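Undergrad: Okay, so here is start-v3.cif, and as you'll see once you scroll down, it has mmCIF, C-alpha atoms and all ligand atoms.
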```cif
data_structure
loop_
_atom_site.group_PDB
_atom_site.id
_atom_site.type_symbol
_atom_site.label_atom_id
_atom_site.label_comp_id
_atom_site.auth_asym_id
_atom_site.auth_seq_id
_atom_site.Cartn_x
_atom_site.Cartn_y
_atom_site.Cartn_z
ATOM 1 C CA MET A 15 -8.082 7.522 3.028
ATOM 2 C CA ALA A 16 -8.969 5.625 6.171
ATOM 3 C CA THR A 17 -8.879 7.811 9.229
ATOM 4 C CA LEU A 18 -8.026 6.718 12.708
ATOM 5 C CA ASN A 19 -10.315 6.940 15.660
ATOM 6 C CA LEU A 20 -8.089 8.571 18.218
ATOM 7 C CA SER A 21 -10.591 8.648 21.043
ATOM 8 C CA TYR A 22 -9.236 5.939 23.302
ATOM 9 C CA HIS A 23 -8.451 6.542 26.951
ATOM 10 C CA HIS A 24 -4.901 7.081 28.034
ATOM 11 C CA SER A 25 -3.572 3.754 29.101
ATOM 12 C CA ILE A 26 -2.038 2.493 32.272
ATOM 13 C CA ILE A 27 1.729 2.561 32.421
ATOM 14 C CA HIS A 28 3.355 -0.810 32.735
ATOM 15 C CA ASN A 29 5.369 -1.029 35.908
ATOM 16 C CA SER A 30 6.291 -4.650 36.275
ATOM 17 C CA CYS A 31 9.704 -4.512 34.676
ATOM 18 C CA ARG A 32 11.031 -1.372 36.250
ATOM 19 C CA ASN A 33 14.600 -2.412 36.858
ATOM 20 C CA LEU A 34 17.925 -1.787 35.246
ATOM 21 C CA ASP A 35 17.897 -5.030 33.290
ATOM 22 C CA SER A 36 14.827 -4.123 31.350
ATOM 23 C CA TYR A 37 16.241 -0.720 30.504
ATOM 24 C CA ASN A 38 19.488 -2.146 29.298
ATOM 25 C CA PHE A 39 18.139 -5.063 27.397
ATOM 26 C CA CYS A 40 16.481 -3.937 24.227
ATOM 27 C CA PRO A 41 17.897 -1.790 21.435
ATOM 28 C CA LYS A 42 19.412 1.066 23.339
ATOM 29 C CA LEU A 43 16.080 2.053 24.827
ATOM 30 C CA GLY A 44 17.958 2.799 28.021
ATOM 31 C CA SER A 45 19.594 5.739 26.345
ATOM 32 C CA LEU A 46 16.263 7.531 26.195
ATOM 33 C CA SER A 47 15.535 10.141 28.778
ATOM 34 C CA PHE A 48 12.177 8.666 29.760
ATOM 35 C CA LYS A 49 11.932 7.479 33.333
ATOM 36 C CA LYS A 50 9.465 4.686 32.576
ATOM 37 C CA PRO A 51 10.400 1.366 30.989
ATOM 38 C CA LEU A 52 9.898 1.545 27.267
ATOM 39 C CA ILE A 53 9.341 -2.099 26.494
ATOM 40 C CA PHE A 54 6.363 -4.101 27.574
ATOM 41 C CA PRO A 55 6.516 -6.476 30.543
ATOM 42 C CA ARG A 56 8.139 -9.719 29.568
ATOM 43 C CA LYS A 57 5.702 -12.533 28.967
ATOM 44 C CA LYS A 58 5.850 -16.320 29.301
ATOM 45 C CA LEU A 59 9.256 -17.102 27.874
ATOM 46 C CA HIS A 60 11.381 -14.354 29.228
ATOM 47 C CA ASN A 61 11.909 -12.475 32.414
ATOM 48 C CA CYS A 62 13.820 -9.529 33.718
ATOM 49 C CA SER A 63 16.958 -11.599 34.188
ATOM 50 C CA ALA A 64 17.412 -11.857 30.443
ATOM 51 C CA ILE A 65 20.407 -9.587 30.413
ATOM 52 C CA SER A 66 22.211 -11.837 32.838
ATOM 53 C CA GLY A 67 22.240 -14.519 30.156
ATOM 54 C CA LYS A 68 19.633 -16.868 31.619
ATOM 55 C CA VAL A 69 17.462 -16.748 28.514
ATOM 56 C CA PRO A 70 19.292 -18.527 25.711
ATOM 57 C CA ALA A 71 18.060 -16.366 22.842
ATOM 58 C CA VAL A 72 19.677 -13.290 24.328
ATOM 59 C CA SER A 73 23.215 -12.609 23.186
ATOM 60 C CA ALA A 74 25.565 -9.703 23.548
ATOM 61 C CA MET A 75 24.217 -8.586 20.187
ATOM 62 C CA ALA A 76 20.767 -8.101 21.627
ATOM 63 C CA SER A 77 21.948 -5.230 23.740
ATOM 64 C CA GLY A 78 23.146 -3.549 20.589
ATOM 65 C CA SER A 79 26.721 -3.624 21.805
ATOM 66 C CA VAL A 80 27.867 -5.955 19.017
ATOM 67 C CA LYS A 81 27.324 -5.107 15.383
ATOM 68 C CA GLU A 82 26.250 -8.165 13.444
ATOM 69 C CA VAL A 83 28.331 -9.112 10.438
ATOM 70 C CA LEU A 84 25.713 -9.423 7.714
ATOM 71 C CA PRO A 85 25.788 -12.515 5.510
ATOM 72 C CA PRO A 86 26.370 -12.205 1.749
ATOM 73 C CA VAL A 87 23.437 -11.969 -0.643
ATOM 74 C CA LEU A 88 22.497 -15.216 -2.419
ATOM 75 C CA ASP A 89 21.706 -15.089 -6.130
ATOM 76 C CA SER A 90 20.917 -17.509 -8.943
ATOM 77 C CA SER A 91 24.442 -18.908 -8.808
ATOM 78 C CA SER A 92 24.344 -19.606 -5.046
ATOM 79 C CA ASP A 93 23.704 -22.924 -3.398
ATOM 80 C CA PRO A 94 20.747 -22.994 -1.009
ATOM 81 C CA PRO A 95 21.308 -22.953 2.725
ATOM 82 C CA ALA A 96 20.528 -26.179 4.622
ATOM 83 C CA ILE A 97 16.740 -25.860 4.270
ATOM 84 C CA PHE A 98 14.655 -27.489 7.026
ATOM 85 C CA ASP A 99 17.707 -28.414 9.060
ATOM 86 C CA GLY A 100 15.993 -27.149 12.200
ATOM 87 C CA THR A 101 17.624 -23.701 12.227
ATOM 88 C CA PRO A 102 15.018 -20.962 11.948
ATOM 89 C CA LYS A 103 15.787 -18.798 8.912
ATOM 90 C CA LEU A 104 14.564 -15.400 7.892
ATOM 91 C CA TYR A 105 14.743 -14.893 4.123
ATOM 92 C CA ILE A 106 15.002 -11.220 3.291
ATOM 93 C CA SER A 107 16.265 -8.720 0.806
ATOM 94 C CA TYR A 108 18.400 -6.038 2.439
ATOM 95 C CA SER A 109 16.455 -3.387 0.544
ATOM 96 C CA CYS A 110 12.904 -4.649 1.139
ATOM 97 C CA PRO A 111 10.889 -2.627 3.688
ATOM 98 C CA TYR A 112 8.561 -5.561 4.422
ATOM 99 C CA ALA A 113 11.487 -7.830 5.160
ATOM 100 C CA GLN A 114 13.039 -5.046 7.231
ATOM 101 C CA ARG A 115 10.056 -5.173 9.603
ATOM 102 C CA VAL A 116 10.777 -8.784 10.496
ATOM 103 C CA TRP A 117 14.509 -8.224 10.611
ATOM 104 C CA ILE A 118 14.058 -5.375 13.123
ATOM 105 C CA THR A 119 11.726 -7.528 15.228
ATOM 106 C CA ARG A 120 14.291 -10.329 15.260
ATOM 107 C CA ASN A 121 17.028 -7.896 16.300
ATOM 108 C CA CYS A 122 14.963 -6.193 18.978
ATOM 109 C CA LYS A 123 14.103 -9.500 20.571
ATOM 110 C CA GLY A 124 17.770 -10.458 20.670
ATOM 111 C CA LEU A 125 17.299 -13.337 18.244
ATOM 112 C CA GLN A 126 20.396 -12.747 16.122
ATOM 113 C CA ASP A 127 21.769 -16.138 17.130
ATOM 114 C CA ALA A 128 18.412 -17.938 17.049
ATOM 115 C CA ILE A 129 17.147 -16.821 13.625
ATOM 116 C CA LYS A 130 19.624 -16.934 10.764
ATOM 117 C CA LEU A 131 19.356 -14.220 8.137
ATOM 118 C CA VAL A 132 19.313 -15.403 4.525
ATOM 119 C CA PRO A 133 19.473 -12.443 2.150
ATOM 120 C CA ILE A 134 18.277 -13.012 -1.414
ATOM 121 C CA ASP A 135 19.008 -11.037 -4.570
ATOM 122 C CA LEU A 136 15.494 -10.271 -5.798
ATOM 123 C CA LYS A 137 16.733 -9.140 -9.217
ATOM 124 C CA ASN A 138 18.604 -12.407 -9.768
ATOM 125 C CA ARG A 139 16.647 -14.794 -7.574
ATOM 126 C CA PRO A 140 17.947 -18.269 -6.863
ATOM 127 C CA PRO A 141 15.493 -20.769 -8.396
ATOM 128 C CA TRP A 142 15.582 -22.933 -5.255
ATOM 129 C CA TYR A 143 13.916 -20.138 -3.301
ATOM 130 C CA LYS A 144 10.591 -20.509 -5.127
ATOM 131 C CA GLU A 145 10.948 -24.254 -5.624
ATOM 132 C CA LYS A 146 12.030 -25.305 -2.164
ATOM 133 C CA VAL A 147 11.419 -22.485 0.266
ATOM 134 C CA TYR A 148 8.544 -20.127 -0.495
ATOM 135 C CA SER A 149 6.353 -20.711 -3.535
ATOM 136 C CA GLU A 150 5.125 -17.084 -3.405
ATOM 137 C CA ASN A 151 8.714 -16.196 -4.312
ATOM 138 C CA LYS A 152 8.602 -13.045 -2.181
ATOM 139 C CA VAL A 153 10.453 -11.839 0.861
ATOM 140 C CA PRO A 154 10.168 -11.883 3.783
ATOM 141 C CA SER A 155 9.588 -15.504 4.642
ATOM 142 C CA LEU A 156 10.400 -17.373 7.798
ATOM 143 C CA GLU A 157 11.396 -21.020 7.983
ATOM 144 C CA HIS A 158 10.539 -22.384 11.418
ATOM 145 C CA ASN A 159 9.454 -25.799 12.696
ATOM 146 C CA ASN A 160 9.543 -27.297 9.192
ATOM 147 C CA GLU A 161 7.165 -24.698 7.820
ATOM 148 C CA VAL A 162 7.617 -21.523 5.824
ATOM 149 C CA LYS A 163 5.425 -18.535 6.554
ATOM 150 C CA GLY A 164 5.182 -15.158 4.847
ATOM 151 C CA GLU A 165 3.572 -11.706 5.126
ATOM 152 C CA SER A 166 5.499 -9.201 7.180
ATOM 153 C CA LEU A 167 2.689 -8.121 9.517
ATOM 154 C CA ASP A 168 1.908 -11.750 10.332
ATOM 155 C CA LEU A 169 5.578 -12.547 10.745
ATOM 156 C CA ILE A 170 6.360 -9.757 13.198
ATOM 157 C CA ARG A 171 3.537 -11.001 15.435
ATOM 158 C CA TYR A 172 4.666 -14.590 14.984
ATOM 159 C CA VAL A 173 8.274 -13.831 15.883
ATOM 160 C CA ASP A 174 7.129 -11.742 18.842
ATOM 161 C CA THR A 175 4.851 -14.400 20.293
ATOM 162 C CA THR A 176 6.687 -17.598 19.338
ATOM 163 C CA PHE A 177 10.294 -16.742 20.127
ATOM 164 C CA GLU A 178 12.013 -15.584 23.275
ATOM 165 C CA GLY A 179 12.892 -12.013 24.082
ATOM 166 C CA PRO A 180 11.006 -8.984 25.351
ATOM 167 C CA SER A 181 7.366 -8.696 24.322
ATOM 168 C CA LEU A 182 6.861 -6.074 21.630
ATOM 169 C CA PHE A 183 3.113 -5.743 21.921
ATOM 170 C CA PRO A 184 1.181 -4.468 24.950
ATOM 171 C CA ASP A 185 -1.286 -6.321 27.144
ATOM 172 C CA ASP A 186 -3.160 -3.167 28.052
ATOM 173 C CA PRO A 187 -6.538 -3.391 26.226
ATOM 174 C CA ASP A 188 -6.603 0.236 25.053
ATOM 175 C CA LYS A 189 -3.079 0.053 23.705
ATOM 176 C CA LYS A 190 -3.758 -3.291 22.116
ATOM 177 C CA GLU A 191 -6.830 -2.021 20.325
ATOM 178 C CA PHE A 192 -5.095 1.116 19.122
ATOM 179 C CA GLY A 193 -2.079 -0.956 18.103
ATOM 180 C CA GLU A 194 -4.270 -3.222 15.971
ATOM 181 C CA GLU A 195 -5.853 -0.205 14.358
ATOM 182 C CA LEU A 196 -2.476 1.320 13.566
ATOM 183 C CA LEU A 197 -1.188 -1.944 12.136
ATOM 184 C CA SER A 198 -4.171 -2.197 9.832
ATOM 185 C CA PHE A 199 -3.651 1.430 8.774
ATOM 186 C CA THR A 200 -0.142 0.800 7.378
ATOM 187 C CA GLY A 201 -1.434 -0.071 3.890
ATOM 188 C CA SER A 202 -3.582 3.070 3.619
ATOM 189 C CA PHE A 203 -0.696 5.159 4.916
ATOM 190 C CA TYR A 204 1.633 3.735 2.274
ATOM 191 C CA ASN A 205 -0.878 4.153 -0.563
ATOM 192 C CA ALA A 206 -1.643 7.757 0.376
ATOM 193 C CA VAL A 207 2.009 8.762 0.429
ATOM 194 C CA ILE A 208 2.782 6.935 -2.814
ATOM 195 C CA THR A 209 -0.122 8.768 -4.488
ATOM 196 C CA SER A 210 1.612 12.044 -3.608
ATOM 197 C CA ILE A 211 4.987 10.742 -4.733
ATOM 198 C CA LYS A 212 3.550 9.951 -8.149
ATOM 199 C CA GLY A 213 1.603 13.200 -8.420
ATOM 200 C CA ASN A 214 2.381 16.901 -8.279
ATOM 201 C CA LYS A 215 0.669 17.662 -5.000
ATOM 202 C CA THR A 216 1.444 16.580 -1.455
ATOM 203 C CA THR A 217 -2.186 16.671 -0.285
ATOM 204 C CA GLU A 218 -2.471 12.923 0.377
ATOM 205 C CA ALA A 219 0.952 12.713 2.021
ATOM 206 C CA ASP A 220 0.166 15.756 4.193
ATOM 207 C CA ALA A 221 -2.996 14.055 5.458
ATOM 208 C CA ALA A 222 -1.178 10.776 6.060
ATOM 209 C CA PHE A 223 1.642 12.436 8.018
ATOM 210 C CA GLU A 224 -0.950 14.388 10.036
ATOM 211 C CA GLU A 225 -2.554 11.064 10.988
ATOM 212 C CA ILE A 226 0.830 9.899 12.215
ATOM 213 C CA GLU A 227 1.263 13.050 14.295
ATOM 214 C CA LYS A 228 -2.202 12.573 15.760
ATOM 215 C CA ALA A 229 -1.590 8.899 16.520
ATOM 216 C CA LEU A 230 1.683 9.734 18.273
ATOM 217 C CA SER A 231 -0.169 12.143 20.556
ATOM 218 C CA LYS A 232 -2.400 9.480 22.006
ATOM 219 C CA PHE A 233 -0.228 7.980 24.743
ATOM 220 C CA ASP A 234 2.093 10.114 26.810
ATOM 221 C CA ASP A 235 4.242 7.514 28.573
ATOM 222 C CA GLY A 236 6.871 7.534 25.836
ATOM 223 C CA PRO A 237 7.602 8.853 22.342
ATOM 224 C CA PHE A 238 6.353 5.794 20.431
ATOM 225 C CA PHE A 239 2.952 4.993 18.942
ATOM 226 C CA LEU A 240 1.809 3.059 21.988
ATOM 227 C CA GLY A 241 3.960 5.097 24.372
ATOM 228 C CA GLN A 242 6.451 2.297 24.694
ATOM 229 C CA PHE A 243 8.344 0.833 21.750
ATOM 230 C CA SER A 244 6.284 -1.819 19.954
ATOM 231 C CA LEU A 245 5.585 -3.722 16.746
ATOM 232 C CA VAL A 246 3.657 -0.690 15.549
ATOM 233 C CA ASP A 247 6.836 1.397 15.407
ATOM 234 C CA ILE A 248 8.552 -1.474 13.635
ATOM 235 C CA ALA A 249 5.754 -1.728 11.059
ATOM 236 C CA TYR A 250 6.000 1.963 10.121
ATOM 237 C CA VAL A 251 9.674 2.784 10.329
ATOM 238 C CA PRO A 252 10.937 1.132 7.104
ATOM 239 C CA PHE A 253 8.471 3.222 5.108
ATOM 240 C CA VAL A 254 9.117 6.440 6.995
ATOM 241 C CA GLU A 255 12.850 5.909 6.367
ATOM 242 C CA ARG A 256 12.193 5.822 2.621
ATOM 243 C CA PHE A 257 9.604 8.624 2.560
ATOM 244 C CA GLN A 258 11.800 10.957 4.579
ATOM 245 C CA ALA A 259 14.747 10.495 2.215
ATOM 246 C CA PHE A 260 12.689 10.826 -0.953
ATOM 247 C CA PHE A 261 10.555 13.815 0.091
ATOM 248 C CA SER A 262 13.535 15.735 1.383
ATOM 249 C CA GLU A 263 15.627 15.239 -1.756
ATOM 250 C CA VAL A 264 13.039 15.223 -4.524
ATOM 251 C CA LYS A 265 10.164 17.327 -3.201
ATOM 252 C CA ASN A 266 12.182 19.584 -0.894
ATOM 253 C CA TYR A 267 9.683 18.656 1.808
ATOM 254 C CA ASP A 268 10.610 17.883 5.407
ATOM 255 C CA ILE A 269 8.006 15.340 6.457
ATOM 256 C CA THR A 270 8.438 16.072 10.185
ATOM 257 C CA LYS A 271 8.333 19.885 9.928
ATOM 258 C CA GLY A 272 5.478 21.285 12.037
ATOM 259 C CA ARG A 273 4.896 17.785 13.424
ATOM 260 C CA PRO A 274 6.803 17.741 16.709
ATOM 261 C CA LYS A 275 5.723 14.272 17.857
ATOM 262 C CA PHE A 276 6.680 12.788 14.524
ATOM 263 C CA ALA A 277 10.064 14.551 14.669
ATOM 264 C CA VAL A 278 10.775 13.120 18.128
ATOM 265 C CA TRP A 279 9.615 9.664 17.032
ATOM 266 C CA VAL A 280 12.059 9.668 14.105
ATOM 267 C CA GLU A 281 14.849 10.853 16.398
ATOM 268 C CA GLU A 282 14.116 8.145 18.987
ATOM 269 C CA MET A 283 13.733 5.414 16.378
ATOM 270 C CA ASN A 284 17.155 6.325 15.038
ATOM 271 C CA LYS A 285 18.633 5.491 18.439
ATOM 272 C CA ILE A 286 17.278 1.958 18.426
ATOM 273 C CA GLU A 287 20.162 -0.354 17.669
ATOM 274 C CA GLY A 288 17.998 -3.208 16.370
ATOM 275 C CA TYR A 289 16.629 -0.818 13.752
ATOM 276 C CA LYS A 290 19.860 1.067 13.048
ATOM 277 C CA GLN A 291 21.536 -2.121 11.890
ATOM 278 C CA THR A 292 18.874 -2.564 9.189
ATOM 279 C CA LYS A 293 18.993 0.951 7.729
ATOM 280 C CA ARG A 294 20.157 1.589 4.182
ATOM 281 C CA ASP A 295 21.898 4.541 2.598
ATOM 282 C CA PRO A 296 19.188 7.179 1.925
ATOM 283 C CA LYS A 297 20.619 7.643 -1.597
ATOM 284 C CA GLU A 298 19.672 4.047 -2.353
ATOM 285 C CA HIS A 299 16.045 4.715 -1.361
ATOM 286 C CA ILE A 300 15.926 7.900 -3.419
ATOM 287 C CA GLU A 301 17.212 6.140 -6.538
ATOM 288 C CA SER A 302 14.903 3.188 -6.043
ATOM 289 C CA TYR A 303 11.817 5.394 -5.605
ATOM 290 C CA LYS A 304 12.767 7.529 -8.612
ATOM 291 C CA ASN A 305 13.080 4.407 -10.753
ATOM 292 C CA ARG A 306 9.835 2.937 -9.553
ATOM 293 C CA PHE A 307 7.589 5.941 -9.235
ATOM 294 C CA LEU A 308 9.071 8.697 -11.433
ATOM 295 C CA PRO A 309 10.582 6.822 -14.378
ATOM 296 C CA SER A 310 9.825 9.699 -16.760
ATOM 297 C CA SER A 311 12.084 12.031 -14.738
ATOM 298 C CA LEU A 312 15.172 9.912 -15.429
HETATM 299 N N1 LIG B 401 2.612 -8.188 1.597
HETATM 300 C C1 LIG B 401 3.955 -8.680 1.616
HETATM 301 C C2 LIG B 401 4.758 -7.887 0.607
HETATM 302 C C3 LIG B 401 6.125 -8.487 0.375
HETATM 303 C C4 LIG B 401 6.753 -7.950 -0.889
HETATM 304 O O1 LIG B 401 6.081 -7.349 -1.752
HETATM 305 N N2 LIG B 401 8.076 -8.136 -1.020
HETATM 306 C C5 LIG B 401 8.743 -7.758 -2.239
HETATM 307 C C6 LIG B 401 10.115 -7.158 -1.970
HETATM 308 S S1 LIG B 401 10.023 -5.618 -1.087
HETATM 309 C C7 LIG B 401 8.994 -8.990 -3.067
HETATM 310 O O2 LIG B 401 9.376 -10.010 -2.583
HETATM 311 N N3 LIG B 401 8.801 -8.846 -4.364
HETATM 312 C C8 LIG B 401 9.097 -9.888 -5.276
HETATM 313 C C9 LIG B 401 7.972 -10.208 -6.173
HETATM 314 O O3 LIG B 401 6.883 -9.640 -5.977
HETATM 315 O O4 LIG B 401 8.154 -10.998 -7.063
HETATM 316 C C10 LIG B 401 4.512 -8.543 3.023
HETATM 317 O O5 LIG B 401 4.047 -7.679 3.783
HETATM 318 O O6 LIG B 401 5.408 -9.318 3.399
#
```
Represent the structure from my file as structure tokens, please.
Ligand SMILES: N[C@@H](CCC(=O)N[C@@H](CS)C(=O)NCC(=O)O)C(=O)O
TA:
Amino acid sequence: MATLNLSYHHSIIHNSCRNLDSYNFCPKLGSLSFKKPLIFPRKKLHNCSAISGKVPAVSAMASGSVKEVLPPVLDSSSDPPAIFDGTPKLYISYSCPYAQRVWITRNCKGLQDAIKLVPIDLKNRPPWYKEKVYSENKVPSLEHNNEVKGESLDLIRYVDTTFEGPSLFPDDPDKKEFGEELLSFTGSFYNAVITSIKGNKTTEADAAFEEIEKALSKFDDGPFFLGQFSLVDIAYVPFVERFQAFFSEVKNYDITKGRPKFAVWVEEMNKIEGYKQTKRDPKEHIESYKNRFLPSSL
């Protein structure tokens, strides 16, 4: 398994957005006990007055105070939405962890009104999705500016840099570099844990969760991977949500036990409104993983 080089210097704390607005804006971050702002300074398209309504993408939903009413799932019998009508659309499946990454990013940037969610039934896919929207026939995909793009890790960066809302990736060079490394580690992390899920031993998962604990120890200006909440947390959390449910139920294994940073990270992530709204019932994850990875046990 790929290991992380954890030898970067502690980074500088961002100070430029230290006012009440920036605390209140994004997904309930203000409820954390940390004194320092936990989102990165706002770049180009947004500023600290976002909460006052001056930035159009920001709605009451962005603060987490309004729970979004989720649209119904479209299947093979459903008509397509108005494709390429100029409204940005995020095609997802409610149960897909890759799609969840982009959905969380959209929520955390307060883009609920700017990017329309289009949930697809992957088991009974509408034919127009492959034919007219995304020839790869996978989710997530994002329709924006008359183009459709895919790949969750590319999409979270794209949404972060192209749309309005608070920046979810740091400018600090050390944090940036470590963030890139952590983003490229997500695949190895997933593969290692799945190897343990399929096998009888937890050796690979143990090592992968230890890497997470080590990574979370690197910056001390907040409980998240890069200290402050970022795309890195968003990239990992859908998988941790599933692993935690499955390991606890099926392997009687608490993935955060003996890993205090990881335990705090999970606790703090669960307070983030933009993520909370995307979570599924743990029982659903357990059943899905059993079907996919342990079919002989059924
Ligand atoms: N590498 C892609 C993976 C996306 C993916 O595998 N999505 C699954 C749902 S979780 C999918 O659409 N599967 C349908 C298929 O493969 O036909 C990403 O990161 O976006």
Undergrad: Quick one: which residues end up in the PyMOL selection byres (((not hetatm)) within 9 of (chain B and resi 401)) for this structure, as an NGL selection string?
TA: :A and (106-107 or 109-116 or 136-137 or 150-155 or 164-169)
Undergrad: I'd like the interatomic distance between atom CA of A:Asn266 and atom CA of A:Glu227, to a tenth of an Å.
TA: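 Those two atoms sit 19.8 Å apart.
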Undergrad: Find the residue from A:Glu161, A:Glu195, A:Asp188, A:Glu255 that sits nearest to A:Asn284; use all atoms listed in the file when measuring.
TA: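 Of A:Glu161, A:Glu195, A:Asp188, A:Glu255, the one nearest A:Asn284 is A:Glu255, counting all atoms listed in the file.
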Undergrad: Using all atoms listed in the file, which protein or nucleic acid residues come within 8 Å of A:Ala249? Drop anything in the same chain fewer than 3 positions from it, and give the result as a PyMOL selection string.
TA: chain A and resi 115+167+197+200+245-246+252
Undergrad: Counting only C-alpha atoms, what are the residues of stretch 166-250 of chain A within 10 Å of stretch 121-127 of chain A, and for each of them which pair of atoms is the nearest and at what distance in Å, to one decimal? Sort the table by chain and rising number, as a tab-separated table.
TA:
```
residue	atom	partner	partner_atom	distance
A:Val173	CA	A:Lys123	CA	8.6
A:Asp174	CA	A:Lys123	CA	7.5
A:Phe177	CA	A:Leu125	CA	8.0
A:Glu178	CA	A:Lys123	CA	7.0
A:Gly179	CA	A:Lys123	CA	4.5
A:Pro180	CA	A:Lys123	CA	5.7
A:Ser181	CA	A:Lys123	CA	7.8
A:Leu182	CA	A:Lys123	CA	8.1
A:Ser244	CA	A:Cys122	CA	9.8
A:Leu245	CA	A:Cys122	CA	10.0
A:Ile248	CA	A:Cys122	CA	9.6
```
Undergrad: I need the residue nearest A:Glu298 from this list: A:Val280, A:Tyr108, A:Glu224, A:Tyr204. Use all atoms listed in the file for the distance.
TA: A:Tyr108
Undergrad: Given all atoms listed in the file as the basis, pick out the residue of A:Val83, A:Val251, A:Ile211, A:Ala221 nearest to A:Phe307.
TA: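 Residue with the minimum atom-to-atom distance to A:Phe307: A:Ile211.
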Undergrad: With all atoms listed in the file as the atoms that count, which of A:Trp117, A:Phe223, A:Phe239, A:Phe261 lies nearest to A:Arg273?
TA: A:Phe223
Undergrad: Set the distance at 8 Å and use only C-alpha atoms: which residues neighbour A:Asp89 once local chain neighbours fewer than 2 positions away are removed? I'd like the list as a PyMOL selection string.
TA: chain A and resi 87+91-92+134-136+138-140
Undergrad: How many Å separate atom CA of A:Phe253 from atom CA of A:Lys293?
TA: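 Computing the Euclidean distance for atom CA of A:Phe253 and atom CA of A:Lys293 yields 11.1 Å.
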Undergrad: Within 9 Å of A:Pro94, counting only C-alpha atoms, which residues qualify if same-chain residues fewer than 6 places away don't, as number ranges by chain?
TA: A: 88, 140, 142-143
Undergrad: Expand the PyMOL selection byres (((chain A and resi 219) around 10) and not hetatm) into the explicit residue set it covers here, and present it as a list in words.
TA: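 Applying the PyMOL selection byres (((chain A and resi 219) around 10) and not hetatm) to the structure shown produces Phe203, Tyr204, Asn205, Ala206, Val207, Ile208, Thr209, Ser210, Ile211, Lys215, Thr216, Thr217, Glu218, Asp220, Ala221, Ala222, Phe223, Glu224, Glu225, Phe257, Phe261 and Ile269 of chain A.
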Undergrad: Which residue, A:Leu230, A:Ala128, A:Lys190, A:Tyr148, has the smallest gap to A:Thr176 when you use all atoms listed in the file?
TA: A:Ala128
Undergrad: In Å to one decimal, how far is atom CA of A:Glu263 from atom CA of A:Glu281?
TA: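 These two atoms are separated by 18.7 Å.
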Undergrad: Taking into account only C-alpha atoms, which residue in the set A:Lys103, A:His158, A:Lys265, A:Lys275 is nearest to A:Leu131?
TA: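 Using only C-alpha atoms, A:Leu131 sits closest to A:Lys103.
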Undergrad: Need the shell around A:Gln291: protein/DNA/RNA residues with any atom at most 9 Å away, counting all atoms listed in the file. Skip same-chain ones fewer than 6 positions apart. Format as a VMD selection string?
TA: chain A and resid 78 81 to 82 118 121
Undergrad: Taking all atoms of stretch 269-286 of chain A that the file lists and extending 3 Å past them on each side, where is the centre of the axis-aligned box and how long are its edges? Answer in Å to one decimal, as lines of an AutoDock Vina configuration file.
TA:
```
center_x = 11.8
center_y = 11.6
center_z = 12.7
size_x = 19.7
size_y = 25.3
size_z = 18.5
```
